[in-house]
>>> print(open('entry.txt').read())   # compact mmCIF, C-alpha atoms
# COMPACT_ATOMS: atom_id res chain seq x y z
CA MET A 508 67.70 -61.59 201.65
CA LEU A 509 66.41 -60.84 198.17
CA ASN A 510 64.94 -63.70 196.20
CA GLN A 511 67.44 -65.01 193.69
CA PRO A 512 66.32 -65.74 190.11
CA SER A 513 65.66 -69.40 189.42
CA PRO A 514 67.77 -71.28 186.85
CA LYS A 515 64.79 -71.05 184.46
CA GLU A 516 64.57 -67.28 184.91
CA ARG A 517 68.33 -66.94 184.43
CA TYR A 518 68.16 -68.94 181.20
CA ILE A 519 65.31 -66.85 179.78
CA GLU A 520 67.11 -63.61 180.65
CA LEU A 521 70.37 -64.87 179.14
CA LEU A 522 68.52 -65.91 175.99
CA LYS A 523 67.12 -62.39 175.60
CA LYS A 524 70.52 -60.79 176.14
CA THR A 525 72.08 -63.09 173.56
CA LEU A 526 69.39 -62.69 170.91
CA LEU A 527 69.60 -58.90 171.24
CA PHE A 528 73.43 -58.91 171.46
CA GLU A 529 73.15 -56.79 174.60
CA MET A 530 76.16 -58.28 176.36
CA TRP A 531 78.44 -57.20 173.51
CA GLN A 532 76.73 -53.92 172.67
CA GLU A 533 80.07 -52.14 172.33
CA HIS A 534 80.80 -54.40 169.34
CA GLU A 535 77.40 -53.91 167.68
CA GLU A 536 76.81 -51.57 164.74
CA ASP A 537 73.68 -49.69 163.69
CA LEU A 538 73.52 -50.17 159.93
CA PHE A 539 70.47 -47.92 159.53
CA SER A 540 72.18 -45.01 161.28
CA ASN A 541 75.24 -45.61 159.15
CA LEU A 542 73.08 -45.66 156.01
CA MET A 543 71.64 -42.29 157.00
CA GLY A 544 75.15 -40.89 157.41
CA HIS A 545 75.04 -40.63 161.20
CA GLY A 546 77.77 -43.15 161.94
CA LYS A 547 77.51 -46.77 162.97
CA ASN A 548 77.75 -46.45 166.75
CA VAL A 549 74.79 -47.88 168.67
CA ASP A 550 72.67 -45.57 170.81
CA PRO A 551 71.79 -47.70 173.90
CA LEU A 552 68.32 -46.17 174.18
CA LYS A 553 67.57 -46.85 170.52
CA HIS A 554 68.87 -50.38 170.95
CA GLN A 555 66.53 -50.91 173.90
CA ASN A 556 63.59 -49.53 171.91
CA GLY A 557 64.31 -51.63 168.83
CA GLU A 558 65.16 -48.60 166.70
CA ILE A 559 68.40 -49.86 165.13
CA TRP A 560 69.29 -52.19 162.29
CA PRO A 561 71.85 -54.38 164.05
CA LYS A 562 74.76 -55.86 162.17
CA THR A 563 75.08 -58.90 164.45
CA ALA A 564 72.03 -59.46 166.70
CA HIS A 565 69.53 -62.15 165.80
CA SER A 566 66.62 -59.83 166.62
CA MET A 567 66.01 -56.12 166.04
CA ILE A 568 62.85 -55.84 168.18
CA GLY A 569 64.69 -54.46 171.21
CA ARG A 570 64.37 -55.16 174.92
CA MET A 571 60.93 -53.63 175.50
CA ARG A 572 59.27 -55.66 172.75
CA MET A 573 61.11 -58.79 173.85
CA ASN A 574 59.88 -58.26 177.42
CA ASN A 575 56.36 -57.74 176.08
CA LEU A 576 56.60 -61.02 174.19
CA GLN A 577 57.61 -62.79 177.39
CA MET A 578 54.73 -61.18 179.29
CA CYS A 579 52.25 -62.32 176.66
CA MET A 580 53.53 -65.90 176.68
CA LYS A 581 53.60 -66.03 180.48
CA THR A 582 49.98 -64.81 180.62
CA ILE A 583 48.94 -67.38 178.02
CA LEU A 584 50.32 -70.19 180.14
CA GLU A 585 48.92 -68.81 183.40
CA GLU A 586 45.44 -68.34 181.90
CA GLN A 587 45.62 -71.56 179.86
CA ILE A 588 44.74 -69.81 176.61
CA GLU A 589 44.69 -72.42 173.86
CA GLY A 590 46.73 -72.23 170.70
CA ASP A 591 50.11 -72.06 169.02
CA PHE A 592 52.44 -69.08 168.58
CA ILE A 593 53.19 -67.43 165.22
CA GLU A 594 55.22 -64.54 163.88
CA THR A 595 54.60 -63.27 160.36
CA GLY A 596 57.82 -61.61 159.23
CA VAL A 597 60.72 -63.04 161.20
CA TRP A 598 63.97 -61.56 159.77
CA ARG A 599 66.77 -63.59 161.44
CA GLY A 600 64.28 -65.48 163.58
CA GLY A 601 65.09 -63.97 166.97
CA ALA A 602 61.56 -63.50 168.28
CA CYS A 603 60.54 -67.01 167.22
CA ILE A 604 63.71 -68.44 168.75
CA PHE A 605 62.74 -66.72 172.00
CA MET A 606 59.22 -68.18 171.79
CA GLN A 607 60.67 -71.65 171.41
CA GLY A 608 63.24 -71.14 174.17
CA PHE A 609 60.56 -69.86 176.54
CA LEU A 610 58.33 -72.87 175.92
CA GLN A 611 61.26 -75.26 176.33
CA ALA A 612 62.21 -73.60 179.63
CA GLU A 613 58.63 -73.98 180.82
CA GLY A 614 58.55 -77.63 179.80
CA ILE A 615 55.78 -77.02 177.26
CA HIS A 616 55.84 -79.32 174.23
CA ASN A 617 52.25 -79.22 172.96
CA ARG A 618 52.35 -75.78 171.33
CA LYS A 619 53.84 -75.19 167.90
CA ILE A 620 55.96 -72.23 166.80
CA TRP A 621 55.01 -71.07 163.29
CA VAL A 622 57.75 -69.13 161.49
CA ALA A 623 56.19 -67.33 158.51
CA ASP A 624 58.28 -65.34 156.06
CA SER A 625 59.13 -65.06 152.38
CA PHE A 626 62.77 -65.49 153.42
CA GLU A 627 63.42 -63.21 150.44
CA GLY A 628 62.70 -59.81 151.97
CA LEU A 629 59.60 -57.70 151.43
CA PRO A 630 57.49 -57.79 148.25
CA PRO A 631 57.35 -54.79 145.94
CA PRO A 632 54.23 -52.71 146.62
CA ASN A 633 51.09 -53.83 144.83
CA GLU A 634 50.01 -50.24 144.27
CA ILE A 635 46.85 -51.11 142.34
CA LYS A 636 45.35 -53.41 144.97
CA TYR A 637 46.96 -51.69 147.98
CA PRO A 638 47.46 -48.00 147.13
CA LYS A 639 48.48 -47.20 150.70
CA ASP A 640 51.75 -49.08 150.03
CA LYS A 641 52.55 -46.82 147.07
CA GLY A 642 56.17 -45.69 147.01
CA ASP A 643 57.37 -48.01 149.77
CA GLN A 644 61.04 -48.91 149.23
CA LEU A 645 61.64 -51.59 151.86
CA HIS A 646 61.75 -54.29 149.18
CA THR A 647 64.97 -52.73 147.87
CA PHE A 648 66.92 -53.47 151.09
CA SER A 649 68.73 -56.80 150.82
CA TYR A 650 69.52 -56.45 154.54
CA LEU A 651 65.91 -57.42 155.30
CA ALA A 652 66.11 -60.62 153.23
CA VAL A 653 67.29 -63.56 155.36
CA SER A 654 67.17 -67.04 153.88
CA LEU A 655 65.27 -69.97 155.38
CA GLU A 656 68.55 -71.83 155.78
CA GLU A 657 70.09 -69.00 157.80
CA VAL A 658 67.08 -68.78 160.12
CA GLN A 659 67.15 -72.54 160.65
CA LYS A 660 70.87 -72.33 161.46
CA ASN A 661 70.12 -69.61 163.99
CA PHE A 662 67.62 -71.91 165.73
CA GLN A 663 70.29 -74.61 165.75
CA LYS A 664 72.83 -72.29 167.39
CA TYR A 665 70.58 -72.18 170.45
CA ASP A 666 69.75 -75.91 170.27
CA LEU A 667 66.13 -74.93 169.70
CA LEU A 668 65.30 -76.44 166.31
CA ASP A 669 62.94 -79.38 166.75
CA THR A 670 59.67 -80.77 165.45
CA ASN A 671 57.62 -78.10 167.26
CA VAL A 672 59.03 -75.43 164.93
CA HIS A 673 57.25 -75.12 161.58
CA PHE A 674 58.34 -72.87 158.72
CA LEU A 675 55.92 -71.26 156.26
CA LYS A 676 58.01 -70.07 153.29
CA GLY A 677 56.49 -67.70 150.76
CA TRP A 678 54.43 -64.54 150.45
CA PHE A 679 51.73 -64.36 153.09
CA LYS A 680 48.97 -64.22 150.48
CA ASP A 681 50.10 -67.66 149.27
CA THR A 682 51.04 -69.44 152.52
CA LEU A 683 48.67 -68.21 155.22
CA PRO A 684 45.29 -69.12 153.63
CA THR A 685 46.19 -72.83 153.57
CA ALA A 686 48.54 -73.01 156.58
CA PRO A 687 47.54 -76.03 158.75
CA ILE A 688 47.10 -73.88 161.85
CA LYS A 689 44.10 -74.80 163.98
CA LYS A 690 44.27 -72.32 166.85
CA LEU A 691 46.54 -69.49 167.99
CA SER A 692 47.09 -67.86 171.35
CA LEU A 693 49.76 -65.45 170.09
CA LEU A 694 49.77 -63.65 166.75
CA ARG A 695 52.81 -61.42 166.24
CA LEU A 696 52.86 -59.32 163.05
CA ASP A 697 56.07 -57.85 161.65
CA GLY A 698 55.34 -57.39 157.97
CA ASP A 699 55.70 -53.59 157.61
CA LEU A 700 53.40 -53.16 154.61
CA TYR A 701 49.64 -52.63 154.45
CA GLU A 702 49.38 -55.74 152.26
CA SER A 703 51.45 -57.95 154.56
CA THR A 704 49.64 -56.77 157.67
CA MET A 705 46.20 -57.21 156.12
CA ASP A 706 47.07 -60.65 154.74
CA SER A 707 48.14 -61.75 158.23
CA LEU A 708 45.06 -60.39 159.97
CA ASN A 709 42.57 -61.62 157.36
CA ASN A 710 43.93 -65.15 157.39
CA LEU A 711 44.86 -65.62 161.04
CA TYR A 712 42.85 -63.37 163.35
CA HIS A 713 39.82 -65.69 163.37
CA LYS A 714 42.11 -68.47 164.64
CA VAL A 715 43.16 -66.50 167.73
CA SER A 716 41.56 -67.78 170.93
CA LYS A 717 39.53 -65.55 173.22
CA ASN A 718 41.92 -63.40 175.29
CA GLY A 719 44.77 -64.28 172.91
CA PHE A 720 47.35 -61.65 172.04
CA ILE A 721 47.80 -59.73 168.79
CA ILE A 722 51.12 -57.86 168.64
CA ILE A 723 51.80 -55.27 165.93
CA ASP A 724 55.52 -54.66 165.66
CA ASP A 725 55.42 -51.96 162.97
CA TYR A 726 52.50 -49.83 164.14
CA ILE A 727 54.60 -46.69 163.76
CA LEU A 728 54.65 -47.18 159.99
CA PRO A 729 51.71 -45.44 158.23
CA THR A 730 51.20 -48.46 155.96
CA CYS A 731 50.92 -50.88 158.86
CA GLN A 732 48.85 -48.56 161.02
CA ALA A 733 46.36 -48.02 158.20
CA ALA A 734 45.89 -51.78 157.79
CA VAL A 735 45.32 -52.28 161.53
CA THR A 736 42.84 -49.41 161.63
CA ASP A 737 40.92 -50.67 158.59
CA PHE A 738 40.79 -54.25 159.88
CA ARG A 739 39.66 -53.27 163.37
CA GLU A 740 36.95 -50.98 161.98
CA GLU A 741 35.71 -53.61 159.53
CA HIS A 742 35.44 -56.20 162.29
CA HIS A 743 34.17 -53.78 164.97
CA ILE A 744 37.09 -54.50 167.29
CA GLN A 745 36.92 -52.20 170.31
CA ALA A 746 39.70 -53.74 172.42
CA PRO A 747 42.17 -50.97 173.35
CA LEU A 748 45.52 -50.75 171.60
CA ILE A 749 48.18 -50.87 174.30
CA PRO A 750 51.56 -49.24 173.53
CA ILE A 751 54.70 -51.35 173.99
CA ASP A 752 57.31 -48.77 173.02
CA ASN A 753 57.54 -45.93 170.50
CA HIS A 754 56.89 -48.31 167.59
CA SER A 755 54.61 -51.14 168.65
CA VAL A 756 51.23 -51.96 170.16
CA TYR A 757 49.19 -55.00 171.14
CA TRP A 758 45.66 -55.92 172.04
CA ARG A 759 43.85 -58.94 173.44
CA LYS A 760 41.07 -60.57 171.46
CA PRO A 761 37.70 -59.89 173.12
>>> encode(input="entry.txt", output="structure tokens")
Amino acid sequence: MLNQPSPKERYIELLKKTLLFEMWQEHEEDLFSNLMGHGKNVDPLKHQNGEIWPKTAHSMIGRMRMNNLQMCMKTILEEQIEGDFIETGVWRGGACIFMQGFLQAEGIHNRKIWVADSFEGLPPPNEIKYPKDKGDQLHTFSYLAVSLEEVQKNFQKYDLLDTNVHFLKGWFKDTLPTAPIKKLSLLRLDGDLYESTMDSLNNLYHKVSKNGFIIIDDYILPTCQAAVTDFREEHHIQAPLIPIDNHSVYWRKP
């Protein structure tokens, strides 16, 4: 007889399916595809790979990135790597909600979830200071701007908003340098731009524990990839970049 999933495993799987709106995929719409004139129907493979802009789901990172996030958190607990979890750039909050749900399911209450975002969308490119962001138009999409109140309500929908969840509202250049974060075991970046990615790495990487995880959601974007490359070269980071899906990579801090 095959081993049956435990109640904890069933809860974590159900949480992923709900955050990604997988159980109701036939009712989901791909707003990016529709914007490009290709219709609003959801391609299941693109949904799995986090390549759609969902109308309803609370996360757009897709199944493969969500599974990677679970693997990282599971390894952190198994190896007792010290530190909190953070995501910089949270959209509707889905990945952070999953972090919190995972910790709750594991009975862990001594790690904080840091939810960092402008809650106003992306900043216009600072082309003088960060010329590699020149011409980027993501700041013009109101779809990417989700308010703090909406993200908090999304946490509440899953009964996962408590004192372990901390919100950092504002541009990363303003909030991250003074954020009261002592140590991190998981640093998940989803800021798209060179500026946002570099601000996150410059202010938070030194707080990541040895063998902690750094996840780059937007590595496919030239702006983000350039920032990761420049930062790793400047700090002589040789740890291999491990692909997650077509868009994302991660590495472990040496």
>>> atom_distance(input="entry.txt", atom1="CA of Leu655 in chain A", atom2="CA of Leu711 in chain A")
21.6 Å
>>> atom_distance(input="entry.txt", atom1="CA of Ile722 in chain A", atom2="CA of Tyr757 in chain A")
4.3 Å
>>> residues_around(input="entry.txt", residues="range 624-630 of chain A", least_positions_apart="4", cutoff="9 Å", atoms="all atoms listed in the file", output="count of residues only")
28
>>> residues_near_point(input="entry.txt", point="(74.5, -49.6, 166.6)", cutoff="7 Å", atoms="all atoms listed in the file", output="list in words")
Glu535, Glu536, Asp537, Leu538, Lys547, Asn548, Val549, Asp550, Ile559 and Pro561 of chain A
>>> closest_residue(input="entry.txt", among="A:Thr582, A:Glu589, A:Asn710, A:Ile604", to="Lys680 in chain A", atoms="all atoms listed in the file")
A:Asn710
>>> residues_around(input="entry.txt", residues="range 736-748 of chain A", least_positions_apart="4", cutoff="12 Å", atoms="only C-alpha atoms", output="VMD selection string")
chain A and resid 639 701 to 702 704 to 710 712 to 713 717 to 723 726 729 to 732 755 to 761
>>> atom_distance(input="entry.txt", atom1="CA of Glu533 in chain A", atom2="CA of Gln577 in chain A")
25.4 Å
>>> closest_residue(input="entry.txt", among="A:Leu694, A:Ile635, A:Met543, A:Leu527", to="Gly600 in chain A", atoms="only C-alpha atoms")
A:Leu527
>>> closest_residue(input="entry.txt", among="A:Pro551, A:Leu696, A:Gln644, A:His616", to="Val735 in chain A", atoms="all atoms listed in the file")
A:Leu696
>>> axis_aligned_box(input="entry.txt", around="range 627-630 of chain A", padding_each_side="6 Å", output="lines of an AutoDock Vina configuration file")
center_x = 60.5
center_y = -60.5
center_z = 150.1
size_x = 17.9
size_y = 17.5
size_z = 15.7
>>> residues_around(input="entry.txt", residues="Ile620 in chain A", least_positions_apart="4", cutoff="7 Å", atoms="all atoms listed in the file", output="mmCIF file with C-alpha atoms, keeping the file's coordinate frame")
data_model
loop_
_atom_site.group_PDB
_atom_site.id
_atom_site.type_symbol
_atom_site.label_atom_id
_atom_site.label_comp_id
_atom_site.auth_asym_id
_atom_site.auth_seq_id
_atom_site.Cartn_x
_atom_site.Cartn_y
_atom_site.Cartn_z
ATOM 1 C CA ASP A 591 50.110 -72.060 169.020
ATOM 2 C CA PHE A 592 52.440 -69.080 168.580
ATOM 3 C CA ILE A 593 53.190 -67.430 165.220
ATOM 4 C CA CYS A 603 60.540 -67.010 167.220
ATOM 5 C CA GLN A 607 60.670 -71.650 171.410
ATOM 6 C CA ASN A 671 57.620 -78.100 167.260
ATOM 7 C CA VAL A 672 59.030 -75.430 164.930
ATOM 8 C CA HIS A 673 57.250 -75.120 161.580
#
>>> closest_residue(input="entry.txt", among="A:Asp666, A:Glu558, A:Glu657, A:Asp681", to="Asp725 in chain A", atoms="all atoms listed in the file")
A:Glu558
>>> closest_residue(input="entry.txt", among="A:Ser540, A:Trp621, A:Gln587, A:Val715", to="Pro687 in chain A", atoms="only C-alpha atoms")
A:Trp621
>>> residues_around(input="entry.txt", residues="range 512-515 of chain A", least_positions_apart="6", cutoff="12 Å", atoms="all atoms listed in the file", output="mmCIF file with C-alpha atoms, keeping the file's coordinate frame")
data_model
loop_
_atom_site.group_PDB
_atom_site.id
_atom_site.type_symbol
_atom_site.label_atom_id
_atom_site.label_comp_id
_atom_site.auth_asym_id
_atom_site.auth_seq_id
_atom_site.Cartn_x
_atom_site.Cartn_y
_atom_site.Cartn_z
ATOM 1 C CA LEU A 521 70.370 -64.870 179.140
ATOM 2 C CA LEU A 522 68.520 -65.910 175.990
ATOM 3 C CA GLY A 608 63.240 -71.140 174.170
ATOM 4 C CA PHE A 609 60.560 -69.860 176.540
ATOM 5 C CA LEU A 610 58.330 -72.870 175.920
ATOM 6 C CA GLN A 611 61.260 -75.260 176.330
ATOM 7 C CA ALA A 612 62.210 -73.600 179.630
ATOM 8 C CA GLU A 613 58.630 -73.980 180.820
ATOM 9 C CA GLY A 614 58.550 -77.630 179.800
#
>>> build_atoms(input="entry.txt", residues="range 673-693 of chain A", atoms="N, CA and C atoms", output="compact mmCIF listing (two decimals), in the coordinates of the input")
# COMPACT_ATOMS: atom_id res chain seq x y z
N HIS A 673 57.74 -74.91 162.94
CA HIS A 673 57.25 -75.12 161.58
C HIS A 673 57.45 -73.85 160.76
N PHE A 674 58.02 -74.00 159.58
CA PHE A 674 58.34 -72.87 158.72
C PHE A 674 57.33 -72.77 157.59
N LEU A 675 56.83 -71.55 157.36
CA LEU A 675 55.92 -71.26 156.26
C LEU A 675 56.64 -70.31 155.30
N LYS A 676 57.19 -70.86 154.22
CA LYS A 676 58.01 -70.07 153.29
C LYS A 676 57.17 -69.60 152.12
N GLY A 677 57.20 -68.28 151.89
CA GLY A 677 56.49 -67.70 150.76
C GLY A 677 55.80 -66.41 151.15
N TRP A 678 55.19 -65.76 150.17
CA TRP A 678 54.43 -64.54 150.45
C TRP A 678 53.21 -64.91 151.27
N PHE A 679 52.83 -64.06 152.19
CA PHE A 679 51.73 -64.36 153.09
C PHE A 679 50.43 -64.68 152.35
N LYS A 680 50.20 -64.00 151.24
CA LYS A 680 48.97 -64.22 150.48
C LYS A 680 48.90 -65.65 149.94
N ASP A 681 50.06 -66.29 149.80
CA ASP A 681 50.10 -67.66 149.27
C ASP A 681 50.15 -68.71 150.37
N THR A 682 50.82 -68.42 151.49
CA THR A 682 51.04 -69.44 152.52
C THR A 682 49.99 -69.45 153.63
N LEU A 683 49.54 -68.27 154.05
CA LEU A 683 48.67 -68.21 155.22
C LEU A 683 47.26 -68.76 154.99
N PRO A 684 46.65 -68.59 153.81
CA PRO A 684 45.29 -69.12 153.63
C PRO A 684 45.19 -70.63 153.81
N THR A 685 46.25 -71.36 153.49
CA THR A 685 46.19 -72.83 153.57
C THR A 685 47.09 -73.39 154.67
N ALA A 686 47.67 -72.54 155.50
CA ALA A 686 48.54 -73.01 156.58
C ALA A 686 47.74 -73.91 157.53
N PRO A 687 48.28 -75.07 157.90
CA PRO A 687 47.54 -76.03 158.75
C PRO A 687 47.53 -75.63 160.22
N ILE A 688 47.15 -74.41 160.48
CA ILE A 688 47.10 -73.88 161.85
C ILE A 688 45.66 -73.97 162.34
N LYS A 689 45.45 -74.63 163.46
CA LYS A 689 44.10 -74.80 163.98
C LYS A 689 43.70 -73.67 164.92
N LYS A 690 44.60 -73.32 165.84
CA LYS A 690 44.27 -72.32 166.85
C LYS A 690 45.53 -71.61 167.29
N LEU A 691 45.41 -70.30 167.56
CA LEU A 691 46.54 -69.49 167.99
C LEU A 691 46.21 -68.81 169.31
N SER A 692 47.22 -68.69 170.15
CA SER A 692 47.09 -67.86 171.35
C SER A 692 47.91 -66.59 171.22
N LEU A 693 48.87 -66.60 170.28
CA LEU A 693 49.76 -65.45 170.09
C LEU A 693 49.97 -65.23 168.61
